[in-house]
file query26.cif (mmCIF, C-alpha atoms)
data_coords
#
loop_
_atom_site.label_atom_id
_atom_site.label_comp_id
_atom_site.auth_asym_id
_atom_site.auth_seq_id
_atom_site.Cartn_x
_atom_site.Cartn_y
_atom_site.Cartn_z
CA MET N 1 57.66 -16.73 163.11
CA SER N 2 59.69 -13.58 162.53
CA GLY N 3 58.31 -10.71 160.44
CA SER N 4 60.77 -11.02 157.61
CA PHE N 5 60.28 -14.75 157.38
CA ALA N 6 56.52 -14.26 157.24
CA ARG N 7 56.92 -11.88 154.31
CA LEU N 8 59.27 -14.27 152.58
CA ILE N 9 56.53 -16.86 152.57
CA ALA N 10 53.50 -14.62 152.31
CA VAL N 11 54.47 -12.64 149.23
CA PRO N 12 55.02 -15.59 146.88
CA LEU N 13 51.92 -17.23 148.28
CA LEU N 14 49.97 -14.09 147.58
CA ALA N 15 51.37 -14.01 144.07
CA LEU N 16 50.30 -17.59 143.56
CA ALA N 17 46.90 -16.89 145.05
CA THR N 18 46.23 -13.98 142.71
CA GLY N 19 47.33 -16.14 139.78
CA SER N 20 50.09 -13.80 138.70
CA ALA N 21 53.77 -14.57 138.53
CA TRP N 22 56.14 -12.89 140.94
CA SER N 23 55.69 -9.37 139.63
CA ALA N 24 55.21 -5.71 140.37
CA THR N 25 51.71 -4.29 140.38
CA ALA N 26 49.98 -3.99 137.02
CA TRP N 27 48.09 -0.71 137.01
CA THR N 28 45.29 0.49 134.83
CA THR N 29 45.28 4.10 133.78
CA ASP N 30 42.36 6.45 134.19
CA ALA N 31 42.51 7.91 130.68
CA ALA N 32 40.17 10.82 131.41
CA ALA N 33 42.25 12.05 134.33
CA SER N 34 45.65 11.38 132.76
CA LYS N 35 47.54 13.52 130.31
CA LEU N 36 50.50 13.46 128.01
CA THR N 37 51.64 16.91 126.95
CA PHE N 38 54.56 18.53 125.21
CA VAL N 39 55.99 22.01 125.21
CA ALA N 40 57.59 23.14 121.96
CA THR N 41 58.99 26.45 120.79
CA GLN N 42 57.66 28.38 117.81
CA ALA N 43 59.34 31.62 116.74
CA GLY N 44 60.98 31.86 120.16
CA GLY N 45 57.71 31.43 122.08
CA GLU N 46 56.61 28.33 123.93
CA PHE N 47 53.30 26.60 123.43
CA GLU N 48 51.79 23.44 124.84
CA GLY N 49 50.23 20.59 122.95
CA ARG N 50 48.95 17.19 123.93
CA PHE N 51 48.20 13.72 122.71
CA LYS N 52 44.54 12.99 123.29
CA ARG N 53 44.96 9.25 123.03
CA PHE N 54 47.73 7.05 124.37
CA ALA N 55 47.73 3.58 125.84
CA PRO N 56 50.06 3.01 128.77
CA VAL N 57 50.90 -0.41 130.16
CA ILE N 58 52.29 0.32 133.60
CA VAL N 59 53.72 -2.42 135.75
CA PHE N 60 55.39 -0.71 138.63
CA ASP N 61 56.33 -1.32 142.21
CA PRO N 62 58.70 1.10 143.92
CA VAL N 63 60.19 -1.76 145.92
CA ASP N 64 60.41 -4.12 142.98
CA LEU N 65 61.99 -2.05 140.23
CA ALA N 66 63.53 -5.14 138.68
CA HIS N 67 60.11 -6.39 137.63
CA SER N 68 58.68 -3.01 136.74
CA ARG N 69 58.13 -1.93 133.16
CA PHE N 70 56.39 0.74 131.08
CA ALA N 71 55.13 0.38 127.55
CA VAL N 72 53.24 3.32 126.15
CA GLU N 73 51.70 3.50 122.71
CA ILE N 74 50.98 7.08 121.63
CA ASP N 75 48.45 7.80 118.92
CA THR N 76 50.18 10.60 116.98
CA THR N 77 47.02 11.23 114.96
CA THR N 78 45.58 12.76 118.14
CA ALA N 79 48.26 15.44 118.50
CA ALA N 80 46.46 18.67 119.39
CA THR N 81 47.85 22.15 119.90
CA GLY N 82 44.64 24.17 119.92
CA GLU N 83 44.88 25.32 116.32
CA THR N 84 43.86 23.27 113.31
CA ASP N 85 46.43 24.61 110.83
CA ARG N 86 49.30 23.84 113.16
CA ASP N 87 47.83 20.42 114.03
CA ASN N 88 47.67 19.56 110.34
CA ILE N 89 51.31 20.55 109.83
CA LEU N 90 52.26 18.50 112.90
CA LYS N 91 50.44 15.39 111.66
CA GLY N 92 51.64 15.95 108.11
CA GLN N 93 54.48 14.41 106.15
CA GLU N 94 57.16 16.79 107.43
CA PHE N 95 56.51 16.24 111.14
CA PHE N 96 54.87 13.12 112.58
CA ALA N 97 53.89 11.69 109.19
CA VAL N 98 50.92 9.96 110.79
CA ALA N 99 49.87 8.46 107.46
CA GLN N 100 52.89 6.12 107.60
CA TRP N 101 53.53 6.07 111.33
CA PRO N 102 50.33 6.64 113.27
CA ALA N 103 51.88 5.59 116.57
CA ALA N 104 54.89 6.42 118.65
CA ARG N 105 56.10 4.02 121.31
CA PHE N 106 58.00 4.28 124.56
CA GLU N 107 59.31 1.24 126.40
CA THR N 108 61.46 0.71 129.42
CA GLY N 109 62.31 -1.89 131.97
CA ALA N 110 65.37 -0.17 133.43
CA PHE N 111 64.58 1.79 136.57
CA ARG N 112 66.57 3.20 139.40
CA SER N 113 65.60 5.10 142.48
CA VAL N 114 66.97 8.64 142.69
CA GLY N 115 65.33 9.75 145.94
CA PRO N 116 62.25 9.12 148.03
CA GLY N 117 59.41 8.54 145.57
CA SER N 118 61.62 9.67 142.67
CA PHE N 119 62.85 7.46 139.90
CA GLU N 120 64.73 7.45 136.68
CA ALA N 121 64.07 5.15 133.76
CA THR N 122 66.17 4.60 130.69
CA GLY N 123 64.03 3.52 127.80
CA ARG N 124 63.57 3.67 124.09
CA LEU N 125 61.33 6.09 122.28
CA THR N 126 60.28 5.26 118.74
CA LEU N 127 58.88 8.13 116.76
CA ARG N 128 58.59 8.39 112.99
CA ASN N 129 60.21 4.93 112.88
CA VAL N 130 63.36 6.24 114.57
CA THR N 131 64.34 4.75 117.93
CA ARG N 132 66.48 6.58 120.44
CA ASP N 133 67.37 6.12 124.09
CA VAL N 134 65.49 8.43 126.38
CA ARG N 135 65.93 9.07 130.07
CA LEU N 136 62.77 9.67 132.04
CA ARG N 137 62.44 11.29 135.44
CA PHE N 138 59.29 10.69 137.42
CA THR N 139 57.67 10.52 140.81
CA PHE N 140 55.37 7.79 142.04
CA LYS N 141 52.87 8.82 144.68
CA PRO N 142 50.64 6.08 146.04
CA GLY N 143 47.20 7.10 147.28
CA ALA N 144 46.27 6.62 150.94
CA ASP N 145 44.24 3.49 150.14
CA GLY N 146 47.09 1.83 148.27
CA ARG N 147 44.76 1.15 145.33
CA THR N 148 45.60 4.31 143.42
CA ALA N 149 48.77 6.16 142.53
CA VAL N 150 49.91 9.15 140.51
CA LEU N 151 52.84 8.71 138.18
CA ALA N 152 54.16 12.05 136.96
CA GLY N 153 57.29 13.10 135.17
CA GLY N 154 58.84 13.90 131.88
CA THR N 155 61.82 14.11 129.64
CA THR N 156 63.34 16.35 127.03
CA VAL N 157 63.94 15.24 123.46
CA GLN N 158 65.47 16.85 120.41
CA ARG N 159 62.84 16.64 117.67
CA LEU N 160 65.41 16.47 114.86
CA ASP N 161 66.87 13.27 116.36
CA TYR N 162 63.63 11.66 115.15
CA GLY N 163 63.34 13.59 111.91
CA VAL N 164 60.36 15.52 113.24
CA GLY N 165 60.54 18.55 110.97
CA GLN N 166 61.81 17.88 107.47
CA GLY N 167 62.96 20.25 104.75
CA GLU N 168 62.55 23.89 105.74
CA TRP N 169 61.35 22.79 109.18
CA THR N 170 64.85 21.62 110.14
CA ASP N 171 65.44 25.32 110.83
CA THR N 172 65.60 25.45 114.64
CA GLN N 173 65.45 29.24 114.80
CA TRP N 174 61.73 29.14 113.96
CA VAL N 175 60.81 25.81 115.49
CA GLY N 176 63.02 24.92 118.45
CA ASN N 177 64.78 21.57 118.45
CA GLU N 178 64.12 20.92 122.12
CA VAL N 179 60.72 19.56 123.10
CA ARG N 180 59.77 18.94 126.71
CA ILE N 181 57.45 16.00 127.29
CA ARG N 182 55.37 15.76 130.44
CA PHE N 183 53.00 13.09 131.66
CA GLU N 184 50.71 12.61 134.57
CA LEU N 185 49.08 9.21 134.89
CA HIS N 186 46.35 8.44 137.37
CA LEU N 187 46.67 4.77 138.14
CA LYS N 188 44.32 2.27 139.66
CA ASN N 189 45.11 -1.16 140.96
CA THR N 190 42.25 -3.25 139.69
CA ALA N 191 43.61 -6.59 140.90
CA PRO N 192 41.19 -8.26 143.31
CA MET I 1 61.28 71.59 118.76
CA PRO I 2 60.40 71.08 122.45
CA LEU I 3 59.69 67.57 123.69
CA ARG I 4 56.44 68.51 125.39
CA ASN I 5 53.28 69.70 123.74
CA THR I 6 52.23 73.32 124.05
CA ALA I 7 48.79 74.84 123.58
CA GLU I 8 49.54 75.64 119.92
CA ASN I 9 51.95 72.94 118.98
CA TYR I 10 52.73 69.26 119.35
CA GLY I 11 56.13 68.48 120.86
CA SER I 12 58.67 66.14 119.28
CA LEU I 13 57.63 63.11 121.33
CA ALA I 14 53.95 63.33 120.34
CA ARG I 15 54.95 63.75 116.69
CA PHE I 16 57.36 60.83 116.85
CA LEU I 17 54.68 58.59 118.39
CA HIS I 18 52.03 59.73 115.89
CA TRP I 19 54.18 59.04 112.83
CA SER I 20 55.83 55.83 114.03
CA ILE I 21 52.34 54.39 114.65
CA VAL I 22 51.25 55.49 111.15
CA ILE I 23 54.26 53.80 109.55
CA LEU I 24 53.86 50.63 111.62
CA VAL I 25 50.15 50.31 110.81
CA ILE I 26 50.96 50.50 107.08
CA VAL I 27 53.76 47.92 107.45
CA GLN I 28 51.37 45.72 109.44
CA PHE I 29 48.82 45.79 106.64
CA PHE I 30 51.35 44.61 104.07
CA LEU I 31 52.72 41.90 106.36
CA ALA I 32 49.21 40.59 107.04
CA GLU I 33 48.31 40.67 103.34
CA SER I 34 51.43 38.79 102.25
CA ALA I 35 51.02 36.20 105.01
CA ASP I 36 47.43 35.69 103.93
CA GLU I 37 48.53 34.68 100.42
CA LEU I 38 51.08 32.12 101.61
CA PRO I 39 50.43 28.45 102.28
CA ASP I 40 51.04 27.24 105.83
CA GLY I 41 54.79 27.01 106.12
CA LEU I 42 57.94 28.56 107.47
CA GLU I 43 57.67 31.75 105.38
CA LYS I 44 54.18 32.42 106.72
CA LEU I 45 55.37 31.76 110.27
CA ARG I 46 58.23 34.23 109.75
CA ILE I 47 56.01 37.00 108.43
CA LEU I 48 53.35 36.51 111.10
CA THR I 49 56.03 36.54 113.78
CA TRP I 50 57.14 39.99 112.58
CA HIS I 51 53.51 41.07 112.40
CA LYS I 52 52.96 40.03 116.02
CA SER I 53 56.12 41.68 117.32
CA PHE I 54 55.26 44.91 115.46
CA GLY I 55 51.73 44.63 116.83
CA MET I 56 53.05 44.56 120.39
CA LEU I 57 55.19 47.57 119.50
CA VAL I 58 52.10 49.42 118.20
CA LEU I 59 50.32 48.63 121.47
CA LEU I 60 53.28 50.00 123.42
CA LEU I 61 53.55 53.16 121.29
CA ALA I 62 49.78 53.73 121.33
CA SER I 63 49.72 53.44 125.12
CA ALA I 64 52.64 55.87 125.33
CA ARG I 65 50.89 58.23 122.91
CA ILE I 66 47.72 58.31 125.01
CA LEU I 67 49.53 58.60 128.35
CA TRP I 68 51.75 61.35 126.97
CA LYS I 69 48.70 63.22 125.69
CA LEU I 70 47.07 63.00 129.12
CA ALA I 71 50.31 64.01 130.84
CA ASN I 72 50.60 67.16 128.74
CA ARG I 73 48.23 69.74 130.05
CA GLY I 74 47.63 72.66 127.73
CA ARG I 75 47.95 70.38 124.70
CA PRO I 76 46.53 71.47 121.35
CA VAL I 77 42.77 71.10 121.15
CA PRO I 78 40.93 70.40 117.91
CA ALA I 79 40.46 73.52 115.84
CA GLY I 80 37.07 74.93 114.92
CA THR I 81 33.89 75.38 116.87
CA GLY I 82 30.57 73.68 117.48
CA LEU I 83 29.75 70.45 115.72
CA LEU I 84 33.00 70.26 113.76
CA LYS I 85 35.05 70.56 116.91
CA LYS I 86 32.95 67.84 118.53
CA ALA I 87 33.41 65.65 115.47
CA ALA I 88 37.17 66.17 115.59
CA THR I 89 37.33 65.29 119.28
CA ALA I 90 35.21 62.18 118.69
CA GLY I 91 37.32 61.20 115.68
CA HIS I 92 40.55 61.50 117.64
CA GLY I 93 39.05 59.52 120.51
CA LEU I 94 38.03 56.80 118.07
CA LEU I 95 41.53 56.69 116.56
CA TYR I 96 43.10 56.30 119.98
CA LEU I 97 40.66 53.51 120.77
CA LEU I 98 41.32 51.77 117.45
CA ILE I 99 45.12 51.82 117.72
CA LEU I 100 44.68 50.07 121.08
CA LEU I 101 41.97 47.63 119.99
CA GLN I 102 43.73 46.61 116.78
CA PRO I 103 46.80 45.10 118.52
CA LEU I 104 44.74 43.87 121.48
CA SER I 105 42.39 41.92 119.19
CA GLY I 106 45.41 40.41 117.44
CA TRP I 107 46.94 39.45 120.76
CA ALA I 108 43.66 37.86 121.91
CA MET I 109 43.31 36.10 118.55
CA SER I 110 46.78 34.55 118.86
CA SER I 111 46.09 33.56 122.46
CA ALA I 112 42.86 31.79 121.50
CA ALA I 113 44.83 29.76 118.93
CA ASN I 114 47.58 28.95 121.47
CA TYR I 115 50.08 30.80 119.27
CA PRO I 116 52.90 32.22 121.36
CA ILE I 117 53.77 35.91 120.93
CA THR I 118 57.18 37.29 121.71
CA PHE I 119 58.43 40.85 121.63
CA PHE I 120 60.99 40.44 118.83
CA GLY I 121 62.12 37.17 120.42
CA TRP I 122 63.21 39.10 123.49
CA PHE I 123 60.53 37.77 125.83
CA GLN I 124 57.23 35.97 125.55
CA VAL I 125 54.06 37.87 126.37
CA PRO I 126 51.42 35.96 128.34
CA ALA I 127 48.28 34.64 126.68
CA LEU I 128 45.26 36.93 127.11
CA LEU I 129 42.79 34.08 127.13
CA ALA I 130 42.58 30.31 127.04
CA THR I 131 42.72 28.26 123.85
CA ASN I 132 39.36 28.31 122.11
CA HIS I 133 39.00 27.47 118.44
CA ASP I 134 35.63 29.16 117.82
CA LEU I 135 36.71 32.29 119.64
CA HIS I 136 39.86 32.38 117.53
CA GLU I 137 37.79 32.37 114.34
CA ARG I 138 35.56 35.15 115.65
CA LEU I 139 38.49 37.26 116.83
CA GLU I 140 40.11 36.88 113.42
CA GLY I 141 36.99 38.49 111.94
CA VAL I 142 37.08 41.23 114.58
CA HIS I 143 40.78 41.93 113.95
CA GLU I 144 40.13 42.28 110.22
CA ALA I 145 36.97 44.38 110.64
CA LEU I 146 38.74 46.73 113.05
CA PHE I 147 41.35 47.38 110.40
CA TYR I 148 38.73 48.57 107.90
CA VAL I 149 37.20 50.82 110.55
CA LEU I 150 40.67 52.17 111.34
CA VAL I 151 41.40 52.85 107.66
CA THR I 152 38.05 54.62 107.25
CA VAL I 153 38.45 56.84 110.30
CA ALA I 154 42.10 57.53 109.40
CA ALA I 155 41.02 58.55 105.87
CA VAL I 156 38.58 61.07 107.34
CA HIS I 157 41.36 62.25 109.68
CA VAL I 158 43.74 62.81 106.74
CA ALA I 159 41.02 64.54 104.68
CA ALA I 160 40.25 66.83 107.63
CA ALA I 161 43.94 67.71 108.02
CA PHE I 162 44.20 68.62 104.34
CA TYR I 163 40.95 70.59 104.52
CA HIS I 164 42.43 72.63 107.35
CA HIS I 165 45.67 73.15 105.49
CA PHE I 166 44.42 74.01 102.02
CA PHE I 167 40.99 75.53 102.64
CA LEU I 168 41.06 76.95 106.14
CA LYS I 169 44.77 77.70 105.74
CA ASP I 170 45.46 77.16 109.43
CA ASP I 171 48.19 75.38 111.38
CA VAL I 172 46.41 72.12 112.07
CA LEU I 173 48.43 70.02 109.59
CA ARG I 174 51.72 71.73 110.33
CA ARG I 175 51.49 71.30 114.08
CA MET I 176 51.75 67.49 113.67
CA SER I 177 54.13 67.59 110.72
CA PRO I 178 57.03 65.16 111.19
CA PHE I 179 59.61 67.73 110.16
CA GLY I 180 60.54 71.10 111.48
CA LYS I 181 58.62 73.86 113.11
CA ARG I 182 55.31 75.35 112.29
CA GLN I 183 55.59 78.61 110.51
CA GLY I 184 54.04 81.91 111.54
#
call {"tool": "encode", "arguments": {"input": "query26.cif", "output": "structure tokens"}}
result
Amino acid sequence: MSGSFARLIAVPLLALATGSAWSATAWTTDAAASKLTFVATQAGGEFEGRFKRFAPVIVFDPVDLAHSRFAVEIDTTTAATGETDRDNILKGQEFFAVAQWPAARFETGAFRSVGPGSFEATGRLTLRNVTRDVRLRFTFKPGADGRTAVLAGGTTVQRLDYGVGQGEWTDTQWVGNEVRIRFELHLKNTAP
Amino acid sequence: MPLRNTAENYGSLARFLHWSIVILVIVQFFLAESADELPDGLEKLRILTWHKSFGMLVLLLASARILWKLANRGRPVPAGTGLLKKAATAGHGLLYLLILLQPLSGWAMSSAANYPITFFGWFQVPALLATNHDLHERLEGVHEALFYVLVTVAAVHVAAAFYHHFFLKDDVLRRMSPFGKRQG
């Protein structure tokens, strides 16, 4: 039996044996070790903030991009920038409006490889009930044991595309339009 | 007026630094007061941004003032003798310390709140310490308290200068006057 033939048989058998359909690995995220941050500009100076709570569904296999997908639900009520007044403005009506829209969502199933361990995904980000296409760049680094991996990357969005910053806050001289989003997910393969 | 200080007289650079710091500290007070009365919003952000840039400028000018004083040997020494002279030296030392601590405490306070500071939008200064909410609150109190100490010591400083001028009738006030030469 040749090697490639063995794999042809073995992989679907394995998929059947584990009870899953033919699919990329479903990972669970170690929430404590993972982070989702953003860098925004205030009066010409940069500052970093983060979302304390977000729920990623990560199905990813670098050699099976066709069956890979991300779906991340971000709890905008947990936006934190280290200062209560600013956090309140951010969660308030003129920015995230968490009272109406307490969650943002990112989804993608369109991946392509852009280099060894590097990928690009085109997905849709919904924030403040506005959905826009977003292109994500990330790296996928499997751990030595094959049971863990680190998924890290980011994207840049224009906050006004989503209406984040209403009224006087549309002024981009004082609050920059560009916001850099970064993530680092520590993944575990919990399948038996 | 010479640039450098002499034994009897302050040079133009020392006078410029002295008076620009005085003006900036007064401007800073009014900016802080007006920001304090505003609700959180763009106007407050604007005013505090000016306050922070001016604060960095004060720190720069205060550092220059102190370095320039140290670089000028044969600079004017406080007038008088004995205890009064000691008091004057101590008072000046305290003022130098306060014009450094006032902006430094503001810088630390902004850093603790993760508020970025730029020098008039030209470049961003690094944070002095990590984000810490409780520390921010405490530093806010320190920043405010330092201002009252500064005002008190500066009031004594001004009173002493007038005392020299009107009662002792010496050159102490004139030698730091922003305009012209000392007479006599």
call {"tool": "interface_residues", "arguments": {"input": "query26.cif", "of": "chain I", "to": "chain N", "cutoff": "10 Å", "atoms": "all atoms listed in the file", "output": "short mmCIF file (atom, residue, chain, number, x, y, z; two decimals) with C-alpha atoms, keeping the file's coordinate frame"}}
result
data_model
loop_
_atom_site.label_atom_id
_atom_site.label_comp_id
_atom_site.auth_asym_id
_atom_site.auth_seq_id
_atom_site.Cartn_x
_atom_site.Cartn_y
_atom_site.Cartn_z
CA ASP I 40 51.04 27.24 105.83
CA GLY I 41 54.79 27.01 106.12
CA LEU I 42 57.94 28.56 107.47
CA GLU I 43 57.67 31.75 105.38
CA LEU I 45 55.37 31.76 110.27
CA ARG I 46 58.23 34.23 109.75
CA LEU I 48 53.35 36.51 111.10
CA THR I 49 56.03 36.54 113.78
CA TRP I 50 57.14 39.99 112.58
CA SER I 110 46.78 34.55 118.86
CA SER I 111 46.09 33.56 122.46
CA ALA I 112 42.86 31.79 121.50
CA ALA I 113 44.83 29.76 118.93
CA ASN I 114 47.58 28.95 121.47
CA TYR I 115 50.08 30.80 119.27
CA PRO I 116 52.90 32.22 121.36
CA ILE I 117 53.77 35.91 120.93
CA THR I 118 57.18 37.29 121.71
CA PHE I 119 58.43 40.85 121.63
CA PHE I 120 60.99 40.44 118.83
CA GLY I 121 62.12 37.17 120.42
CA TRP I 122 63.21 39.10 123.49
CA PHE I 123 60.53 37.77 125.83
CA GLN I 124 57.23 35.97 125.55
CA VAL I 125 54.06 37.87 126.37
CA PRO I 126 51.42 35.96 128.34
CA ALA I 130 42.58 30.31 127.04
CA THR I 131 42.72 28.26 123.85
CA ASN I 132 39.36 28.31 122.11
CA HIS I 133 39.00 27.47 118.44
CA HIS I 136 39.86 32.38 117.53
#
call {"tool": "residues_around", "arguments": {"input": "query26.cif", "residues": "Gly153 (chain N)", "least_positions_apart": "2", "cutoff": "9 Å", "atoms": "only C-alpha atoms", "output": "compact mmCIF listing (two decimals) with C-alpha atoms, in the frame of the given file"}}
result
# COMPACT_ATOMS: atom_id res chain seq x y z
CA LEU N 136 62.77 9.67 132.04
CA ARG N 137 62.44 11.29 135.44
CA PHE N 138 59.29 10.69 137.42
CA THR N 139 57.67 10.52 140.81
CA PHE N 140 55.37 7.79 142.04
CA LEU N 151 52.84 8.71 138.18
CA THR N 155 61.82 14.11 129.64
CA ILE N 181 57.45 16.00 127.29
CA ARG N 182 55.37 15.76 130.44
CA PHE N 183 53.00 13.09 131.66
CA GLU N 184 50.71 12.61 134.57
call {"tool": "resolve_selection", "arguments": {"input": "query26.cif", "expression": "the PyMOL selection byres ((chain I and resi 98) around 10)", "output": "PyMOL selection string"}}
result
chain I and resi 62+92-97+99-104+146-147+149-151+153-154
call {"tool": "resolve_selection", "arguments": {"input": "query26.cif", "expression": "the PyMOL selection byres ((chain I and resi 156-171) around 12)", "output": "PyMOL selection string"}}
result
chain I and resi 8-10+22+76-80+84-85+87-95+149-155+172-177+181-184
call {"tool": "atom_distance", "arguments": {"input": "query26.cif", "atom1": "CA of Arg50 (chain N)", "atom2": "CA of Ala80 (chain N)"}}
result
5.4 Å
call {"tool": "atom_distance", "arguments": {"input": "query26.cif", "atom1": "CA of Leu127 (chain N)", "atom2": "CA of Arg53 (chain N)"}}
result
15.3 Å
call {"tool": "resolve_selection", "arguments": {"input": "query26.cif", "expression": "the PyMOL selection byres ((chain N and resi 166) around 12)", "output": "tab-separated table (two decimals) with C-alpha atoms, keeping the file's coordinate frame"}}
result
chain	number	residue	atom	x	y	z
N	89	ILE	CA	51.31	20.55	109.83
N	90	LEU	CA	52.26	18.50	112.90
N	92	GLY	CA	51.64	15.95	108.11
N	93	GLN	CA	54.48	14.41	106.15
N	94	GLU	CA	57.16	16.79	107.43
N	95	PHE	CA	56.51	16.24	111.14
N	96	PHE	CA	54.87	13.12	112.58
N	97	ALA	CA	53.89	11.69	109.19
N	128	ARG	CA	58.59	8.39	112.99
N	159	ARG	CA	62.84	16.64	117.67
N	160	LEU	CA	65.41	16.47	114.86
N	161	ASP	CA	66.87	13.27	116.36
N	162	TYR	CA	63.63	11.66	115.15
N	163	GLY	CA	63.34	13.59	111.91
N	164	VAL	CA	60.36	15.52	113.24
N	165	GLY	CA	60.54	18.55	110.97
N	167	GLY	CA	62.96	20.25	104.75
N	168	GLU	CA	62.55	23.89	105.74
N	169	TRP	CA	61.35	22.79	109.18
N	170	THR	CA	64.85	21.62	110.14
N	171	ASP	CA	65.44	25.32	110.83
N	172	THR	CA	65.60	25.45	114.64
N	175	VAL	CA	60.81	25.81	115.49
N	177	ASN	CA	64.78	21.57	118.45
I	41	GLY	CA	54.79	27.01	106.12
I	42	LEU	CA	57.94	28.56	107.47
call {"tool": "closest_residue", "arguments": {"input": "query26.cif", "among": "I:Leu3, I:Ile26, I:Leu70, I:Leu128", "to": "Val58 (chain I)", "atoms": "all atoms listed in the file"}}
result
I:Ile26
call {"tool": "atom_distance", "arguments": {"input": "query26.cif", "atom1": "CA of Leu13 (chain I)", "atom2": "CA of Thr81 (chain I)"}}
result
27.1 Å
call {"tool": "residues_around", "arguments": {"input": "query26.cif", "residues": "Thr78 (chain N)", "least_positions_apart": "5", "cutoff": "9 Å", "atoms": "only C-alpha atoms", "output": "list in words"}}
result
Arg50, Phe51, Lys52, Arg53, Phe54, Asp87 and Lys91 of chain N
call {"tool": "closest_residue", "arguments": {"input": "query26.cif", "among": "N:Asp75, N:His186, N:Pro142, N:His67", "to": "Lys35 (chain N)", "atoms": "all atoms listed in the file"}}
result
N:His186
call {"tool": "residues_around", "arguments": {"input": "query26.cif", "residues": "Phe70 (chain N)", "least_positions_apart": "3", "cutoff": "12 Å", "atoms": "all atoms listed in the file", "output": "short mmCIF file (atom, residue, chain, number, x, y, z; two decimals) with C-alpha atoms, in the frame of the given file"}}
result
data_model
loop_
_atom_site.label_atom_id
_atom_site.label_comp_id
_atom_site.auth_asym_id
_atom_site.auth_seq_id
_atom_site.Cartn_x
_atom_site.Cartn_y
_atom_site.Cartn_z
CA ALA N 24 55.21 -5.71 140.37
CA THR N 25 51.71 -4.29 140.38
CA ALA N 26 49.98 -3.99 137.02
CA TRP N 27 48.09 -0.71 137.01
CA THR N 28 45.29 0.49 134.83
CA THR N 29 45.28 4.10 133.78
CA ALA N 55 47.73 3.58 125.84
CA PRO N 56 50.06 3.01 128.77
CA VAL N 57 50.90 -0.41 130.16
CA ILE N 58 52.29 0.32 133.60
CA VAL N 59 53.72 -2.42 135.75
CA PHE N 60 55.39 -0.71 138.63
CA ASP N 61 56.33 -1.32 142.21
CA LEU N 65 61.99 -2.05 140.23
CA ALA N 66 63.53 -5.14 138.68
CA HIS N 67 60.11 -6.39 137.63
CA GLU N 73 51.70 3.50 122.71
CA ARG N 105 56.10 4.02 121.31
CA PHE N 106 58.00 4.28 124.56
CA GLU N 107 59.31 1.24 126.40
CA THR N 108 61.46 0.71 129.42
CA GLY N 109 62.31 -1.89 131.97
CA ALA N 110 65.37 -0.17 133.43
CA PHE N 111 64.58 1.79 136.57
CA ALA N 121 64.07 5.15 133.76
CA THR N 122 66.17 4.60 130.69
CA GLY N 123 64.03 3.52 127.80
CA ARG N 124 63.57 3.67 124.09
CA LEU N 125 61.33 6.09 122.28
CA LEU N 136 62.77 9.67 132.04
CA LEU N 151 52.84 8.71 138.18
CA LEU N 185 49.08 9.21 134.89
#
call {"tool": "residues_around", "arguments": {"input": "query26.cif", "residues": "Arg73 (chain I)", "least_positions_apart": "6", "cutoff": "9 Å", "atoms": "all atoms listed in the file", "output": "list in words"}}
result
Asn5, Thr6 and Ala7 of chain I
call {"tool": "build_atoms", "arguments": {"input": "query26.cif", "residues": "region 105-115 of chain I", "atoms": "N, CA and C atoms", "output": "short mmCIF file (atom, residue, chain, number, x, y, z; two decimals), in the coordinates of the input"}}
result
data_model
loop_
_atom_site.label_atom_id
_atom_site.label_comp_id
_atom_site.auth_asym_id
_atom_site.auth_seq_id
_atom_site.Cartn_x
_atom_site.Cartn_y
_atom_site.Cartn_z
N SER I 105 43.18 42.99 119.81
CA SER I 105 42.39 41.92 119.19
C SER I 105 43.31 40.88 118.56
N GLY I 106 44.44 41.34 118.01
CA GLY I 106 45.41 40.41 117.44
C GLY I 106 46.04 39.54 118.51
N TRP I 107 46.35 40.16 119.62
CA TRP I 107 46.94 39.45 120.76
C TRP I 107 45.95 38.39 121.27
N ALA I 108 44.69 38.79 121.45
CA ALA I 108 43.66 37.86 121.91
C ALA I 108 43.46 36.72 120.91
N MET I 109 43.50 37.08 119.63
CA MET I 109 43.31 36.10 118.55
C MET I 109 44.42 35.04 118.58
N SER I 110 45.66 35.49 118.76
CA SER I 110 46.78 34.55 118.86
C SER I 110 46.65 33.68 120.11
N SER I 111 46.24 34.30 121.21
CA SER I 111 46.09 33.56 122.46
C SER I 111 45.05 32.45 122.31
N ALA I 112 43.94 32.77 121.66
CA ALA I 112 42.86 31.79 121.50
C ALA I 112 43.32 30.60 120.65
N ALA I 113 44.31 30.84 119.78
CA ALA I 113 44.83 29.76 118.93
C ALA I 113 46.05 29.09 119.56
N ASN I 114 46.39 29.50 120.80
CA ASN I 114 47.58 28.95 121.47
C ASN I 114 48.86 29.23 120.69
N TYR I 115 48.86 30.37 119.96
CA TYR I 115 50.08 30.80 119.27
C TYR I 115 50.87 31.69 120.22
#
